[in-house]
Amino acid sequence: MPPTCQDLTPPYSVNLGGVRMLVLDTAMASDKPPLDPDPYISQFAALGTMAGSNAWLLAHKPMWGLLPDSSGTSVTVLNPTLQAASDNSLPPTVRLVLTGHIHLAEVLTFTGDRPPQIVAGISGTLLLPQITAPLVGMDVAGQRLTTATTLAQHGFFTFVPGPQGWAATIRDVNGKPIAHCQLRGRSTACGQPRR
C-alpha cells in the first residue's frame, strides 16, 4: 500500500475463474465538464499488456452507462472522461465492462467489437427512475445498442461460468431471479426467468 492516500491508483489484475479481472480506478473521472481525460490515458494504455486472452474490466464508473433524467424518459451517456481517455476502445480480449455508479441495473450490448457494459448499481442506496426511453438502436459513443435491459429494483447480480460462456442473473433482495442473461464472447442477451 502507498504511504499516503492517492486520488488515482494504477490498474491491476486478478485471475479468477479463468478470467483476468482488470481493475481500473475511475472514481475521480468526471461525468460532466470540465473533463480531464489525461490521467486515464496511461491507465487504458496499460490494460493492453495486462489483459491476457480473456478479461473483464472492473471499475466504479461505467464507460458507456445510461443515466436517466428524473422521469426516466431521457438518458445521458456516461462517462465522457473515460470515453475520451480510451478513445472508446479496449483490448480485443476484454469481454465485459462491469461497473456501478449509476443506481440501476443495466445490461447493454453494442454493435461493432465493443464489449457489453453491465452496470450493477442496485444493491444499497436510493435507485434512479426506471428508464422508459427506447434504447435499442440508440447511438452510445459511436456504437449502437443492439440489446438493452434496465431495471430499477433493489437486488444484486450473480455470475456463473458455463460451457457456453457466463450466466449473469439479476436477483431481488431475497435472491429470487428477476432476469437471466447469457454472456457469450462480446455479446449478451437477457430474458425473464422460467416460472
# chains A, B, ... in the order shown; residues from 1 in each chain; ligands from 1

call {"tool": "closest_atom_pairs", "arguments": {"of": "range 71-98 of chain A", "to": "range 140-150 of chain A", "cutoff": "12 Å", "atoms": "only C-alpha atoms", "output": "tab-separated table"}}
result
residue	atom	partner	partner_atom	distance
A:Gly72	CA	A:Thr150	CA	10.9
A:Val75	CA	A:Val140	CA	10.5
A:Thr76	CA	A:Val140	CA	9.3
A:Val77	CA	A:Val140	CA	6.6
A:Leu78	CA	A:Val140	CA	9.1
A:Asn79	CA	A:Ala141	CA	9.6
A:Pro80	CA	A:Ala141	CA	8.6
A:Thr81	CA	A:Ala141	CA	11.7
A:Leu82	CA	A:Ala141	CA	10.9
A:Gln83	CA	A:Ala141	CA	7.5
A:Ala84	CA	A:Ala141	CA	9.7
A:Ser86	CA	A:Ala141	CA	11.5
A:Asp87	CA	A:Ala141	CA	9.5
A:Asn88	CA	A:Ala141	CA	7.2
A:Ser89	CA	A:Ala141	CA	10.6

call {"tool": "write_last_selection", "arguments": {"atoms": "N, CA and C atoms", "output": "short mmCIF file (atom, residue, chain, number, x, y, z; two decimals), in the first residue's frame"}}
result
data_model
loop_
_atom_site.label_atom_id
_atom_site.label_comp_id
_atom_site.auth_asym_id
_atom_site.auth_seq_id
_atom_site.Cartn_x
_atom_site.Cartn_y
_atom_site.Cartn_z
N GLY A 72 -37.17 9.35 -16.33
CA GLY A 72 -36.79 8.11 -16.99
C GLY A 72 -37.04 8.09 -18.48
N VAL A 75 -32.13 9.81 -21.47
CA VAL A 75 -30.90 9.35 -20.83
C VAL A 75 -29.70 10.14 -21.33
N THR A 76 -28.69 10.21 -20.48
CA THR A 76 -27.39 10.77 -20.82
C THR A 76 -26.38 9.63 -20.76
N VAL A 77 -25.47 9.58 -21.72
CA VAL A 77 -24.46 8.54 -21.76
C VAL A 77 -23.27 8.95 -20.89
N LEU A 78 -22.88 8.06 -19.96
CA LEU A 78 -21.72 8.29 -19.11
C LEU A 78 -20.66 7.23 -19.42
N ASN A 79 -19.44 7.52 -19.35
CA ASN A 79 -18.69 8.60 -18.77
C ASN A 79 -17.83 9.24 -19.86
N PRO A 80 -18.03 10.53 -20.15
CA PRO A 80 -17.27 11.17 -21.23
C PRO A 80 -15.77 11.24 -20.98
N THR A 81 -15.35 11.31 -19.72
CA THR A 81 -13.92 11.34 -19.41
C THR A 81 -13.26 10.03 -19.83
N LEU A 82 -13.88 8.90 -19.46
CA LEU A 82 -13.32 7.60 -19.78
C LEU A 82 -13.41 7.30 -21.28
N GLN A 83 -14.46 7.78 -21.92
CA GLN A 83 -14.59 7.60 -23.36
C GLN A 83 -13.46 8.32 -24.09
N ALA A 84 -13.18 9.55 -23.66
CA ALA A 84 -12.10 10.31 -24.30
C ALA A 84 -10.74 9.68 -24.04
N SER A 86 -9.97 6.58 -23.42
CA SER A 86 -9.80 5.27 -24.07
C SER A 86 -10.03 5.33 -25.57
N ASP A 87 -10.51 6.46 -26.06
CA ASP A 87 -10.94 6.58 -27.46
C ASP A 87 -12.00 5.52 -27.77
N ASN A 88 -12.82 5.20 -26.75
CA ASN A 88 -13.89 4.20 -26.85
C ASN A 88 -13.39 2.86 -27.36
N SER A 89 -12.19 2.49 -26.97
CA SER A 89 -11.60 1.23 -27.43
C SER A 89 -10.92 0.53 -26.26
#

call {"tool": "select_by_dssp", "arguments": {"residues": "chain A", "states": "strand (DSSP E or B)", "output": "PyMOL selection string"}}
result
chain A and resi 12-16+19-24+55-59+65-68+75-78+94-99+105-110+117-120+139-140+143-151+155-162+165-172+177-184+187-191

call {"tool": "closest_atom_pairs", "arguments": {"of": "range 25-63 of chain A", "to": "range 109-124 of chain A", "cutoff": "10 Å", "atoms": "only C-alpha atoms", "output": "CSV"}}
result
residue,atom,partner,partner_atom,distance
A:Trp56,CA,A:Pro115,CA,9.1
A:Leu57,CA,A:Gln117,CA,9.5
A:Leu58,CA,A:Ile118,CA,9.9
A:Ala59,CA,A:Val119,CA,9.9
A:His60,CA,A:Val119,CA,9.2
A:Lys61,CA,A:Val119,CA,8.7
A:Pro62,CA,A:Val119,CA,6.9
A:Met63,CA,A:Gln117,CA,7.7

call {"tool": "write_last_selection", "arguments": {"atoms": "C-alpha atoms", "output": "mmCIF file, in the first residue's frame"}}
result
data_model
loop_
_atom_site.group_PDB
_atom_site.id
_atom_site.type_symbol
_atom_site.label_atom_id
_atom_site.label_comp_id
_atom_site.auth_asym_id
_atom_site.auth_seq_id
_atom_site.Cartn_x
_atom_site.Cartn_y
_atom_site.Cartn_z
ATOM 1 C CA TRP A 56 -13.249 -8.309 -17.833
ATOM 2 C CA LEU A 57 -12.778 -4.643 -16.963
ATOM 3 C CA LEU A 58 -13.965 -3.760 -13.437
ATOM 4 C CA ALA A 59 -14.396 -0.135 -12.378
ATOM 5 C CA HIS A 60 -16.638 2.123 -10.353
ATOM 6 C CA LYS A 61 -17.787 4.385 -13.188
ATOM 7 C CA PRO A 62 -19.154 2.920 -16.421
ATOM 8 C CA MET A 63 -17.649 3.721 -19.795
#

call {"tool": "residues_around", "arguments": {"residues": "Leu47 in chain A", "least_positions_apart": "6", "cutoff": "10 Å", "atoms": "only C-alpha atoms", "output": "list in words"}}
result
Pro11, Tyr12, Ser13, Leu22, Val23, Leu24, Ala55, Leu57, Leu90, Pro91 and Val94 of chain A

call {"tool": "write_last_selection", "arguments": {"atoms": "N, CA and C atoms", "output": "mmCIF file, in the first residue's frame"}}
result
data_model
loop_
_atom_site.group_PDB
_atom_site.id
_atom_site.type_symbol
_atom_site.label_atom_id
_atom_site.label_comp_id
_atom_site.auth_asym_id
_atom_site.auth_seq_id
_atom_site.Cartn_x
_atom_site.Cartn_y
_atom_site.Cartn_z
ATOM 1 N N PRO A 11 -3.771 0.631 -12.481
ATOM 2 C CA PRO A 11 -4.604 -0.549 -12.684
ATOM 3 C C PRO A 11 -3.858 -1.811 -12.248
ATOM 4 N N TYR A 12 -4.613 -2.827 -11.874
ATOM 5 C CA TYR A 12 -4.022 -4.118 -11.529
ATOM 6 C C TYR A 12 -4.962 -5.218 -12.004
ATOM 7 N N SER A 13 -4.494 -6.453 -11.972
ATOM 8 C CA SER A 13 -5.316 -7.565 -12.435
ATOM 9 C C SER A 13 -5.345 -8.674 -11.401
ATOM 10 N N LEU A 22 -9.458 -7.024 -14.758
ATOM 11 C CA LEU A 22 -8.657 -5.808 -14.829
ATOM 12 C C LEU A 22 -9.353 -4.744 -14.011
ATOM 13 N N VAL A 23 -8.711 -4.262 -12.984
ATOM 14 C CA VAL A 23 -9.330 -3.296 -12.078
ATOM 15 C C VAL A 23 -8.770 -1.904 -12.378
ATOM 16 N N LEU A 24 -9.679 -0.987 -12.698
ATOM 17 C CA LEU A 24 -9.312 0.374 -13.082
ATOM 18 C C LEU A 24 -9.934 1.350 -12.095
ATOM 19 N N ALA A 55 -10.538 -11.354 -20.583
ATOM 20 C CA ALA A 55 -10.534 -10.392 -19.481
ATOM 21 C C ALA A 55 -11.874 -9.689 -19.348
ATOM 22 N N LEU A 57 -13.218 -5.902 -17.545
ATOM 23 C CA LEU A 57 -12.778 -4.643 -16.963
ATOM 24 C C LEU A 57 -13.727 -4.297 -15.826
ATOM 25 N N LEU A 90 -11.094 -0.778 -26.212
ATOM 26 C CA LEU A 90 -10.442 -1.592 -25.189
ATOM 27 C C LEU A 90 -9.677 -2.715 -25.880
ATOM 28 N N PRO A 91 -8.746 -3.359 -25.177
ATOM 29 C CA PRO A 91 -8.054 -4.505 -25.777
ATOM 30 C C PRO A 91 -9.070 -5.528 -26.288
ATOM 31 N N VAL A 94 -10.915 -8.073 -23.946
ATOM 32 C CA VAL A 94 -11.849 -7.656 -22.891
ATOM 33 C C VAL A 94 -13.258 -8.013 -23.354
#

call {"tool": "atom_distance", "arguments": {"atom1": "CA of Gly48 in chain A", "atom2": "CA of His101 in chain A"}}
result
24.4 Å

call {"tool": "closest_residue", "arguments": {"among": "A:Ala85, A:Arg186, A:Ala152, A:Thr132", "to": "His103 in chain A", "atoms": "only C-alpha atoms"}}
result
A:Ala152

call {"tool": "select_by_dssp", "arguments": {"residues": "chain A", "states": "alpha helix (DSSP H)", "output": "list in words"}}
result
Asp38, Pro39, Tyr40, Ile41, Ser42, Gln43, Phe44, Ala45, Ala46, Leu47, Gly48, Thr49, Met50, Pro80, Thr81, Leu82, Gln83, Ala84, Ala85 and Ser86 of chain A

call {"tool": "write_last_selection", "arguments": {"atoms": "N, CA and C atoms", "output": "PDB file, in the first residue's frame"}}
result
ATOM      1  N   ASP A  38      -6.723  13.188 -19.332  1.00  0.00           N
ATOM      2  CA  ASP A  38      -5.276  12.924 -19.359  1.00  0.00           C
ATOM      3  C   ASP A  38      -4.795  11.911 -18.315  1.00  0.00           C
ATOM      4  N   PRO A  39      -5.246  11.965 -17.050  1.00  0.00           N
ATOM      5  CA  PRO A  39      -4.729  10.991 -16.073  1.00  0.00           C
ATOM      6  C   PRO A  39      -5.082   9.545 -16.412  1.00  0.00           C
ATOM      7  N   TYR A  40      -6.104   9.337 -17.239  1.00  0.00           N
ATOM      8  CA  TYR A  40      -6.577   7.982 -17.520  1.00  0.00           C
ATOM      9  C   TYR A  40      -6.002   7.401 -18.811  1.00  0.00           C
ATOM     10  N   ILE A  41      -5.380   8.219 -19.640  1.00  0.00           N
ATOM     11  CA  ILE A  41      -4.843   7.723 -20.909  1.00  0.00           C
ATOM     12  C   ILE A  41      -3.808   6.633 -20.668  1.00  0.00           C
ATOM     13  N   SER A  42      -2.881   6.857 -19.753  1.00  0.00           N
ATOM     14  CA  SER A  42      -1.853   5.848 -19.467  1.00  0.00           C
ATOM     15  C   SER A  42      -2.470   4.623 -18.786  1.00  0.00           C
ATOM     16  N   GLN A  43      -3.542   4.827 -18.030  1.00  0.00           N
ATOM     17  CA  GLN A  43      -4.224   3.698 -17.375  1.00  0.00           C
ATOM     18  C   GLN A  43      -4.783   2.741 -18.426  1.00  0.00           C
ATOM     19  N   PHE A  44      -5.470   3.310 -19.446  1.00  0.00           N
ATOM     20  CA  PHE A  44      -6.020   2.469 -20.502  1.00  0.00           C
ATOM     21  C   PHE A  44      -4.919   1.828 -21.336  1.00  0.00           C
ATOM     22  N   ALA A  45      -3.832   2.553 -21.561  1.00  0.00           N
ATOM     23  CA  ALA A  45      -2.718   2.000 -22.329  1.00  0.00           C
ATOM     24  C   ALA A  45      -2.125   0.782 -21.625  1.00  0.00           C
ATOM     25  N   ALA A  46      -2.098   0.804 -20.300  1.00  0.00           N
ATOM     26  CA  ALA A  46      -1.528  -0.314 -19.530  1.00  0.00           C
ATOM     27  C   ALA A  46      -2.384  -1.574 -19.623  1.00  0.00           C
ATOM     28  N   LEU A  47      -3.670  -1.436 -19.915  1.00  0.00           N
ATOM     29  CA  LEU A  47      -4.551  -2.600 -19.956  1.00  0.00           C
ATOM     30  C   LEU A  47      -4.157  -3.581 -21.052  1.00  0.00           C
ATOM     31  N   GLY A  48      -3.600  -3.074 -22.150  1.00  0.00           N
ATOM     32  CA  GLY A  48      -3.240  -3.935 -23.266  1.00  0.00           C
ATOM     33  C   GLY A  48      -2.261  -5.030 -22.884  1.00  0.00           C
ATOM     34  N   THR A  49      -1.293  -4.719 -22.053  1.00  0.00           N
ATOM     35  CA  THR A  49      -0.299  -5.710 -21.645  1.00  0.00           C
ATOM     36  C   THR A  49      -0.803  -6.586 -20.505  1.00  0.00           C
ATOM     37  N   MET A  50      -1.886  -6.179 -19.848  1.00  0.00           N
ATOM     38  CA  MET A  50      -2.405  -6.916 -18.704  1.00  0.00           C
ATOM     39  C   MET A  50      -3.537  -7.867 -19.067  1.00  0.00           C
ATOM     40  N   PRO A  80     -18.028  10.534 -20.147  1.00  0.00           N
ATOM     41  CA  PRO A  80     -17.274  11.174 -21.228  1.00  0.00           C
ATOM     42  C   PRO A  80     -15.766  11.239 -20.976  1.00  0.00           C
ATOM     43  N   THR A  81     -15.352  11.314 -19.721  1.00  0.00           N
ATOM     44  CA  THR A  81     -13.923  11.337 -19.413  1.00  0.00           C
ATOM     45  C   THR A  81     -13.261  10.026 -19.827  1.00  0.00           C
ATOM     46  N   LEU A  82     -13.884   8.902 -19.458  1.00  0.00           N
ATOM     47  CA  LEU A  82     -13.320   7.595 -19.781  1.00  0.00           C
ATOM     48  C   LEU A  82     -13.408   7.302 -21.277  1.00  0.00           C
ATOM     49  N   GLN A  83     -14.462   7.775 -21.915  1.00  0.00           N
ATOM     50  CA  GLN A  83     -14.593   7.598 -23.360  1.00  0.00           C
ATOM     51  C   GLN A  83     -13.462   8.324 -24.093  1.00  0.00           C
ATOM     52  N   ALA A  84     -13.179   9.547 -23.658  1.00  0.00           N
ATOM     53  CA  ALA A  84     -12.102  10.315 -24.300  1.00  0.00           C
ATOM     54  C   ALA A  84     -10.742   9.677 -24.037  1.00  0.00           C
ATOM     55  N   ALA A  85     -10.508   9.243 -22.804  1.00  0.00           N
ATOM     56  CA  ALA A  85      -9.201   8.679 -22.449  1.00  0.00           C
ATOM     57  C   ALA A  85      -8.931   7.372 -23.182  1.00  0.00           C
ATOM     58  N   SER A  86      -9.969   6.580 -23.416  1.00  0.00           N
ATOM     59  CA  SER A  86      -9.801   5.271 -24.066  1.00  0.00           C
ATOM     60  C   SER A  86     -10.031   5.330 -25.566  1.00  0.00           C
TER      61      SER A  86
END

call {"tool": "closest_residue", "arguments": {"among": "A:Leu135, A:Ala27, A:Leu104, A:Ala189", "to": "Ala168 in chain A", "atoms": "only C-alpha atoms"}}
result
A:Ala189

call {"tool": "closest_residue", "arguments": {"among": "A:Val160, A:Cys181, A:Ala133, A:Leu96", "to": "Ser71 in chain A", "atoms": "only C-alpha atoms"}}
result
A:Ala133

call {"tool": "atom_distance", "arguments": {"atom1": "CA of Gly185 in chain A", "atom2": "CA of Gln164 in chain A"}}
result
9.1 Å
